[in-house]
Amino acid sequence: MPDNSIDLILTDPPYNIAQYSRGNINLKNRSPLNNNIASWDEKEINPSIFLTDFKRILKPDGNIFIFTSYNLIGKWHEVFDKEFDTFQYFIWHKTNPVPKIYKNGFLNSCEMIICLWNKGHKWNFTKQNEMHNHFSCPICMKPERLQNPKHPTQKPLRLLKHLIKIASNEKDIVFDPFMGVGSTGVAALDLKRKFLGCEIDPVYFNATLDRLENINHI
């Protein structure tokens with residue numbers, strides 16, 4: 001990819017939490033709750049692998065948003081904090097998290113998003129009460145959530161659009177190197193941005209093509 005070509009990197013790499021989440025939970029009068037993540041989550045993510053290319057392709061006024069979890073945010077911080085003027089975190093509050101069947105802990109209702117930028121970055125600040133570093137919305141449900149293929153970590157368009165509106169402008173290029181089933185692409189095109197994405201799984205990749213081909217202005 002060309003240097004200084006991307007306005008916003010918005011991506012959701014694996015969290016590497018499969019080792020902490022195993023097996024199904026049997027529920028009365030309903031299908032079992034799948035507590036497994038996916039085989040792709042078992043491969044270790046090393047943030048240092050992405051640093052050089054992320055910095056190279058990002059425009060001087062660009063932004064980076066990376067979904068992550070409690071077990072990896074320290075690794076991302078260790079690698080990226082010294083390379084950017086700002087390293088912040090944003091919280092997505094899931095208003096309909098998976099229930100805690102055994103009532104033995106907190107519901108997993110929050111996910112973290114790393115926010116990176118340099119001085120002079122583009123930023124569409126609205127009202128003070130609209131620019132908190134958290135956003136509440138439900139997790140992906142039907143009909144938005146794809147059923148075939150079903151991606152276990154598909155992110156809601158409402159959340160993605162909120163971030164894209166703040167951190168980019170119309171006709172900007174949004175890049176997702178872990179695009180899964182293409183939700184970032186759908187959100188970007190709906191907001192009149194351009195989109196580039198990568199996905200190693202051919203099933204998810206083909207699902208993305210099907211979704212994006214249905215958007216009129218692609």
# chains A, B, ... in the order shown; residues from 1 in each chain; ligands from 1
>>> closest_atom_pairs(of="stretch 163-215 of chain A", to="stretch 45-65 of chain A", cutoff="12 Å", atoms="only C-alpha atoms", output="JSON lines")
{"residue": "A:Leu163", "atom": "CA", "partner": "A:Phe65", "partner_atom": "CA", "distance": 8.3}
{"residue": "A:Ile164", "atom": "CA", "partner": "A:Phe65", "partner_atom": "CA", "distance": 9.5}
{"residue": "A:Lys165", "atom": "CA", "partner": "A:Asn63", "partner_atom": "CA", "distance": 11.9}
{"residue": "A:Ile166", "atom": "CA", "partner": "A:Asn63", "partner_atom": "CA", "distance": 10.0}
{"residue": "A:Ala167", "atom": "CA", "partner": "A:Asn63", "partner_atom": "CA", "distance": 6.4}
{"residue": "A:Ser168", "atom": "CA", "partner": "A:Gly62", "partner_atom": "CA", "distance": 7.9}
{"residue": "A:Asn169", "atom": "CA", "partner": "A:Gly62", "partner_atom": "CA", "distance": 10.6}
{"residue": "A:Asp172", "atom": "CA", "partner": "A:Gly62", "partner_atom": "CA", "distance": 9.8}
{"residue": "A:Ile173", "atom": "CA", "partner": "A:Gly62", "partner_atom": "CA", "distance": 9.9}
{"residue": "A:Val174", "atom": "CA", "partner": "A:Asn63", "partner_atom": "CA", "distance": 9.8}
{"residue": "A:Phe175", "atom": "CA", "partner": "A:Ile64", "partner_atom": "CA", "distance": 9.5}
{"residue": "A:Asp176", "atom": "CA", "partner": "A:Phe65", "partner_atom": "CA", "distance": 9.8}
{"residue": "A:Pro177", "atom": "CA", "partner": "A:Phe50", "partner_atom": "CA", "distance": 10.0}
{"residue": "A:Phe178", "atom": "CA", "partner": "A:Phe50", "partner_atom": "CA", "distance": 11.8}
{"residue": "A:Thr184", "atom": "CA", "partner": "A:Phe65", "partner_atom": "CA", "distance": 11.5}
>>> atom_distance(atom1="atom CA of A:Lys94", atom2="atom CA of A:Tyr70")
15.7 Å
>>> select_by_dssp(residues="stretch 9-156 of chain A", states="helix (DSSP H, G or I)", output="VMD selection string")
chain A and resid 18 to 20 39 to 42 48 to 57 73 to 83 128 to 130
>>> atom_distance(atom1="atom CA of A:Thr86", atom2="atom CA of A:Leu116")
5.6 Å
>>> select_by_dssp(residues="stretch 13-175 of chain A", states="strand (DSSP E or B)", output="ChimeraX atom specification")
/A:24-25,33-34,58-68,86-94,110-117,134-137,173-175
